[in-house]
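All remarks here apply to the structure that follows.
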Amino acid sequence: MRSKDIDGEDLLAPGDELRFQTARNGDHLMCPFQCDLCHFRRLKGRDPLYGFRPDDVTLLCIRRANLDAFWSREPDSVRANLREVREILSNGELLGIDMLGELGPYPFDDCFGMRPAIAFLLKSRKGGRHDQHQIKYSSARKVRSAFSNYFHASKAQLGALSFSAGKGHHFASCSATNGMWYSRFQDGVHCRMGDVLKQDMAISIGVMLKLQELFERDYRETSGEERRKIVEAATFALIAYCISLRGFEVPKIDLAALWENRVQIDPRGKGGAIAHVSVPLVAQFKAEKGEQCHIIPMAAETRSGLKPLEWVNRLVQEREEQGLVKGWAFLGHKGEQAPMNYFAETILDRLVRIQEVHPDLINPGINVFEEFGLARSFRRGSNSQAQNRQVPADVINWVNRWRTEERAKGKTSASSMRVLYAETKLMLNAYLQYSSAL
C-alpha cells in the first residue's frame, strides 16, 4: 500500500513508482501463473472480443488479479528466489538432470479461483462509507466467504476428506478460494488496499456530564412522546458509558429483569456493596450456542456524578405508563427491539449543542456526525476514563470480556435469570469497581 501524507497525497519511496502496476522477472516462480488469455478462455470458453465492454472489463480484472497475486511478495524476495532457481538450473544442466520439472500446463477450468478474484475486485470498486471510490478491504474480503460457503453447499464438496481427533473435526476443502493462487491474490490485494481504520471518537467524561445535564433540562421541559424519546436516549447513553457496552448491545436489555432488579441498595460498611442496578442482556450472539443471558451490575451513581439508576427508573416508569412490563426495554416505532441508530439523532444533536457552547470539550473543527458514533464512542470514552481513574487493568478486562469467546463458555439459558443474578453477585465488587470509579 502506498503511504500518504497528512493531506492524503501519495508518498512514494524510490523504486516504488511501478508498485502493483507491473510484474517482476521471477514472479512466476513464486506464484502459480497463467496468462490473461488462458484465464479468459477458461472462464468463457472462447477468445475475447476486443472492444466488447464485458470482455474488456474481464481482461482488466484478470490482469489486476494476476498483478495482485505477484505483489503478495516483495521485490527482494522475488529476486532472491530467482537467483536460487537459476543456480539450481545451472547445477542441473551441469549434471544433465532436470532439477525442477515443468510448471504447467494447468487443467482447462478455473482451478486458480479467478472467478472469486474478479468478484472481489468489482466489489472493491464500489463506494464505501468513507471513500466514494473504494470500500474497505475487510468488507470486500467477504466475497471469499460467500464463494467458499456456496462451494461447500454444492455437490462439488462431496469428495472432500474429513478428519477427526478427539472432539475436533476438520475438512480438507477443494474450494479454489483455499488454494495457493487465491491466497497469494488475497495477500497481494490486501497489501495494495491496506486497512482503513475509522474509529469512533471517544466521548470524554466532561462531555458525558454536559450530555446528562442537557437531557435533564430537556426532560423537565418536555412531556409525552418527546419526553419518552429523551428518557430512552439518555438511558441508552448512560448505560453504554457506565458499563462499557457497544451501542448495538444496549438494545438487548430485558425489561422484566431490569424492572425486577433496578433498585439494589446494600449500605457500605456491613460487607455489602454500593447502590447498583443489574443490567440484563438477552440474545443470541455470534460464536455462542443457544440463547445467552449476561448480567452486568452497574453503580447507581458514578464518582463524577453520572446517575444511570435515576434514568433507568425513569425508563421503567415510561414503560409502565405504556402498559409494558416485559419484552425489550428499548423499543422502536412499531414496538420492536430498537436498533442502535434509533437513538442517534437525539444524542448527536445534543453533542452538537455541547460543541457550540463548550468548544473546549468538543473541538469546533470536528464534524460530530462523522467522528462520533453510537457503536463505540461511549465504550472508548468509558475505558479511557477508567484508566484515568486507575481502575486495575484486570477489572477493565473483566467488564469488557463479557462478549468474548471466553464468555461464550459461561452463562447460558440453561440457568434461570434469578440463578444468573445470584452467580453474578460473586463478582459484584469487580463490576462495581469499574462503573463507580467513572
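Going by the C-alpha cells order, chains are called A, B, ..., each with residues numbered from 1, while ligands are numbered from 1 in the order shown.
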
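Omitting Ser304 (chain A) and its sequence neighbours fewer than 3 positions away, and counting only C-alpha atoms, the residues within 8 Å are Ile205, Leu209, Ala437 and Leu438 of chain A.
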
Emit the selected residues as a compact mmCIF listing (two decimals), in the first residue's frame, including N, CA and C atoms.
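Full text of part03.txt as output:
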# COMPACT_ATOMS: atom_id res chain seq x y z
N ILE A 205 -15.47 12.25 29.83
CA ILE A 205 -16.36 12.36 30.98
C ILE A 205 -16.95 13.77 31.06
N LEU A 209 -20.98 14.46 31.21
CA LEU A 209 -21.66 15.23 32.25
C LEU A 209 -22.53 16.32 31.64
N ALA A 437 -16.16 4.10 39.62
CA ALA A 437 -14.96 4.95 39.50
C ALA A 437 -15.09 6.01 38.41
N LEU A 438 -16.03 5.84 37.49
CA LEU A 438 -16.13 6.76 36.33
C LEU A 438 -16.54 8.17 36.75

- prompt: To one decimal place, how far is CA of Pro280 (chain A) from CA of Gln433 (chain A) in Å?
  reply: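 These two atoms are separated by 18.4 Å.
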
Backbone DSSP call of helix (DSSP H, G or I) for region 84-324 of chain A, listed as a PDB file with C-alpha atoms, in the first residue's frame:
ATOM      1  CA  GLU A  84      18.309 -19.658  -6.247  1.00  0.00           C
ATOM      2  CA  VAL A  85      16.298 -21.113  -9.139  1.00  0.00           C
ATOM      3  CA  ARG A  86      18.944 -20.048 -11.653  1.00  0.00           C
ATOM      4  CA  GLU A  87      21.642 -21.711  -9.564  1.00  0.00           C
ATOM      5  CA  ILE A  88      19.578 -24.912  -9.303  1.00  0.00           C
ATOM      6  CA  LEU A  89      19.025 -24.969 -13.064  1.00  0.00           C
ATOM      7  CA  SER A  90      22.697 -24.288 -13.695  1.00  0.00           C
ATOM      8  CA  ASN A  91      23.718 -27.204 -11.497  1.00  0.00           C
ATOM      9  CA  GLY A  92      21.151 -29.430 -13.144  1.00  0.00           C
ATOM     10  CA  GLU A  93      22.441 -28.547 -16.611  1.00  0.00           C
ATOM     11  CA  LEU A  94      25.973 -29.350 -15.469  1.00  0.00           C
ATOM     12  CA  LEU A  95      24.857 -32.792 -14.253  1.00  0.00           C
ATOM     13  CA  MET A 114     -10.181 -16.266 -10.896  1.00  0.00           C
ATOM     14  CA  ARG A 115     -13.980 -16.025 -10.627  1.00  0.00           C
ATOM     15  CA  PRO A 116     -13.978 -15.076  -6.920  1.00  0.00           C
ATOM     16  CA  ALA A 117     -10.939 -12.841  -7.560  1.00  0.00           C
ATOM     17  CA  ILE A 118     -12.886 -10.899 -10.219  1.00  0.00           C
ATOM     18  CA  ALA A 119     -15.909 -10.675  -7.916  1.00  0.00           C
ATOM     19  CA  PHE A 120     -13.617  -9.355  -5.171  1.00  0.00           C
ATOM     20  CA  LEU A 121     -12.119  -6.674  -7.430  1.00  0.00           C
ATOM     21  CA  LEU A 122     -15.508  -5.496  -8.712  1.00  0.00           C
ATOM     22  CA  LYS A 123     -16.873  -5.301  -5.174  1.00  0.00           C
ATOM     23  CA  SER A 124     -13.815  -3.358  -4.010  1.00  0.00           C
ATOM     24  CA  TYR A 137     -10.581  -4.492   2.360  1.00  0.00           C
ATOM     25  CA  SER A 138     -12.369  -6.054   5.335  1.00  0.00           C
ATOM     26  CA  SER A 139     -15.700  -5.546   3.534  1.00  0.00           C
ATOM     27  CA  ALA A 140     -14.529  -6.780   0.126  1.00  0.00           C
ATOM     28  CA  LYS A 142     -16.454 -11.274   2.401  1.00  0.00           C
ATOM     29  CA  VAL A 143     -16.612 -12.371  -1.229  1.00  0.00           C
ATOM     30  CA  ARG A 144     -14.252 -15.219  -0.331  1.00  0.00           C
ATOM     31  CA  SER A 145     -16.599 -16.481   2.380  1.00  0.00           C
ATOM     32  CA  ALA A 146     -19.582 -16.327   0.029  1.00  0.00           C
ATOM     33  CA  PHE A 147     -17.808 -18.378  -2.669  1.00  0.00           C
ATOM     34  CA  SER A 148     -16.474 -20.829  -0.085  1.00  0.00           C
ATOM     35  CA  ASN A 149     -19.886 -21.310   1.524  1.00  0.00           C
ATOM     36  CA  TYR A 150     -21.508 -21.810  -1.880  1.00  0.00           C
ATOM     37  CA  PHE A 151     -18.897 -24.406  -2.853  1.00  0.00           C
ATOM     38  CA  HIS A 152     -19.318 -26.333   0.398  1.00  0.00           C
ATOM     39  CA  LYS A 155     -22.270 -31.350  -4.756  1.00  0.00           C
ATOM     40  CA  ALA A 156     -18.637 -30.459  -5.526  1.00  0.00           C
ATOM     41  CA  GLN A 157     -17.712 -30.842  -1.849  1.00  0.00           C
ATOM     42  CA  LEU A 158     -18.808 -34.498  -1.656  1.00  0.00           C
ATOM     43  CA  GLY A 159     -15.270 -35.693  -2.374  1.00  0.00           C
ATOM     44  CA  ALA A 176     -10.388 -22.758  -5.186  1.00  0.00           C
ATOM     45  CA  THR A 177     -10.617 -19.956  -2.603  1.00  0.00           C
ATOM     46  CA  ASN A 178      -8.480 -22.107  -0.296  1.00  0.00           C
ATOM     47  CA  MET A 180      -2.344 -21.314  -3.344  1.00  0.00           C
ATOM     48  CA  TRP A 181      -3.083 -18.782  -6.097  1.00  0.00           C
ATOM     49  CA  TYR A 182      -6.129 -17.272  -4.432  1.00  0.00           C
ATOM     50  CA  SER A 183      -4.263 -16.989  -1.128  1.00  0.00           C
ATOM     51  CA  ARG A 184      -1.470 -15.135  -2.947  1.00  0.00           C
ATOM     52  CA  PHE A 185      -4.048 -12.897  -4.643  1.00  0.00           C
ATOM     53  CA  GLN A 186      -5.750 -12.086  -1.329  1.00  0.00           C
ATOM     54  CA  ASP A 187      -2.428 -11.244   0.316  1.00  0.00           C
ATOM     55  CA  GLY A 188      -1.436  -9.020  -2.602  1.00  0.00           C
ATOM     56  CA  VAL A 189      -4.709  -7.130  -2.810  1.00  0.00           C
ATOM     57  CA  HIS A 190      -4.576  -6.626   0.962  1.00  0.00           C
ATOM     58  CA  CYS A 191      -1.129  -5.041   0.594  1.00  0.00           C
ATOM     59  CA  ARG A 192      -2.412  -2.795  -2.199  1.00  0.00           C
ATOM     60  CA  MET A 193      -5.636  -1.684  -0.488  1.00  0.00           C
ATOM     61  CA  ILE A 205     -16.357  12.361  30.977  1.00  0.00           C
ATOM     62  CA  GLY A 206     -16.728  16.135  30.615  1.00  0.00           C
ATOM     63  CA  VAL A 207     -18.915  15.662  27.547  1.00  0.00           C
ATOM     64  CA  MET A 208     -20.913  12.930  29.320  1.00  0.00           C
ATOM     65  CA  LEU A 209     -21.664  15.234  32.250  1.00  0.00           C
ATOM     66  CA  LYS A 210     -22.820  18.009  29.913  1.00  0.00           C
ATOM     67  CA  LEU A 211     -24.865  15.469  27.942  1.00  0.00           C
ATOM     68  CA  GLN A 212     -26.591  14.328  31.129  1.00  0.00           C
ATOM     69  CA  GLU A 213     -27.182  17.969  32.076  1.00  0.00           C
ATOM     70  CA  LEU A 214     -28.827  18.689  28.702  1.00  0.00           C
ATOM     71  CA  PHE A 215     -31.000  15.583  28.946  1.00  0.00           C
ATOM     72  CA  GLU A 216     -32.077  16.562  32.463  1.00  0.00           C
ATOM     73  CA  ARG A 217     -33.041  20.075  31.349  1.00  0.00           C
ATOM     74  CA  ASP A 218     -34.954  18.793  28.320  1.00  0.00           C
ATOM     75  CA  TYR A 219     -36.653  16.121  30.424  1.00  0.00           C
ATOM     76  CA  ARG A 220     -38.070  18.744  32.776  1.00  0.00           C
ATOM     77  CA  GLU A 221     -39.224  20.990  29.922  1.00  0.00           C
ATOM     78  CA  GLY A 224     -45.452  12.989  26.233  1.00  0.00           C
ATOM     79  CA  GLU A 225     -43.684  11.314  23.325  1.00  0.00           C
ATOM     80  CA  GLU A 226     -40.888  13.893  23.239  1.00  0.00           C
ATOM     81  CA  ARG A 227     -40.030  13.245  26.888  1.00  0.00           C
ATOM     82  CA  ARG A 228     -40.109   9.484  26.265  1.00  0.00           C
ATOM     83  CA  LYS A 229     -37.532   9.818  23.484  1.00  0.00           C
ATOM     84  CA  ILE A 230     -35.281  11.840  25.788  1.00  0.00           C
ATOM     85  CA  VAL A 231     -35.541   9.205  28.526  1.00  0.00           C
ATOM     86  CA  GLU A 232     -34.725   6.413  26.076  1.00  0.00           C
ATOM     87  CA  ALA A 233     -31.720   8.204  24.583  1.00  0.00           C
ATOM     88  CA  ALA A 234     -30.347   9.321  27.957  1.00  0.00           C
ATOM     89  CA  THR A 235     -30.679   5.824  29.440  1.00  0.00           C
ATOM     90  CA  PHE A 236     -29.063   4.343  26.343  1.00  0.00           C
ATOM     91  CA  ALA A 237     -26.088   6.727  26.601  1.00  0.00           C
ATOM     92  CA  LEU A 238     -25.548   6.310  30.345  1.00  0.00           C
ATOM     93  CA  ILE A 239     -25.756   2.507  30.296  1.00  0.00           C
ATOM     94  CA  ALA A 240     -23.414   2.289  27.291  1.00  0.00           C
ATOM     95  CA  TYR A 241     -20.879   4.537  29.032  1.00  0.00           C
ATOM     96  CA  CYS A 242     -21.102   3.240  32.592  1.00  0.00           C
ATOM     97  CA  VAL A 250     -27.602  -1.858  24.662  1.00  0.00           C
ATOM     98  CA  PRO A 251     -30.990  -2.629  22.989  1.00  0.00           C
ATOM     99  CA  LYS A 252     -30.625  -6.269  24.098  1.00  0.00           C
ATOM    100  CA  LEU A 255     -37.372  -5.079  30.520  1.00  0.00           C
ATOM    101  CA  ALA A 256     -38.873  -7.528  33.033  1.00  0.00           C
ATOM    102  CA  ALA A 257     -35.500  -8.427  34.544  1.00  0.00           C
ATOM    103  CA  LEU A 258     -34.438  -4.772  34.572  1.00  0.00           C
ATOM    104  CA  TRP A 259     -37.674  -3.810  36.346  1.00  0.00           C
ATOM    105  CA  GLU A 260     -37.224  -6.506  38.986  1.00  0.00           C
ATOM    106  CA  PRO A 308     -27.594   5.872  35.432  1.00  0.00           C
ATOM    107  CA  LEU A 309     -30.012   4.363  38.003  1.00  0.00           C
ATOM    108  CA  GLU A 310     -32.123   7.523  38.015  1.00  0.00           C
ATOM    109  CA  TRP A 311     -32.551   7.271  34.247  1.00  0.00           C
ATOM    110  CA  VAL A 312     -33.201   3.512  34.374  1.00  0.00           C
ATOM    111  CA  ASN A 313     -36.046   4.168  36.818  1.00  0.00           C
ATOM    112  CA  ARG A 314     -37.432   6.830  34.503  1.00  0.00           C
ATOM    113  CA  LEU A 315     -37.317   4.404  31.569  1.00  0.00           C
ATOM    114  CA  VAL A 316     -39.149   1.733  33.574  1.00  0.00           C
ATOM    115  CA  GLN A 317     -41.742   4.329  34.602  1.00  0.00           C
ATOM    116  CA  GLU A 318     -42.280   5.337  30.963  1.00  0.00           C
ATOM    117  CA  ARG A 319     -42.820   1.692  30.024  1.00  0.00           C
ATOM    118  CA  GLU A 320     -45.274   1.218  32.902  1.00  0.00           C
ATOM    119  CA  GLU A 321     -47.285   4.206  31.631  1.00  0.00           C
TER     120      GLU A 321
END

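In this comparison, which uses only C-alpha atoms, the residue of A:Asn429, A:Ser278, A:Ser377, A:Asn367 approaching Asp200 (chain A) most closely is A:Ser377.
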
message: Restricting the calculation to only C-alpha atoms: of A:Asp349, A:Tyr434, A:Met30, A:Ile354, which residue gets closest to Pro392 (chain A)?
response: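 Among A:Asp349, A:Tyr434, A:Met30, A:Ile354, it is A:Tyr434 that comes nearest to Pro392 (chain A).
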
message: Could you check the closest approach to Arg83 (chain A) for each of A:Met201, A:Ala344, A:Leu29, A:Gly247 and tell me which residue wins, using only C-alpha atoms?
response: A:Leu29

task: In Å, rounded to a single decimal, give me how far CA of Asn341 (chain A) is from CA of Leu432 (chain A).
output: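 Pair CA of Leu432 (chain A) / CA of Asn341 (chain A) returns 28.1 Å.
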
message: I'd like to know which of A:Asn363, A:Ser382, A:Gln387, A:Ser77 is closest to Asn25 (chain A), using only C-alpha atoms.
response: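 So, comparing all the options, the nearest one is A:Ser77.
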
- request: Find the distance between CA of Leu103 (chain A) and CA of Val57 (chain A) and write it in Å to one decimal.
  value: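 Distance between the two atoms: 27.9 Å.
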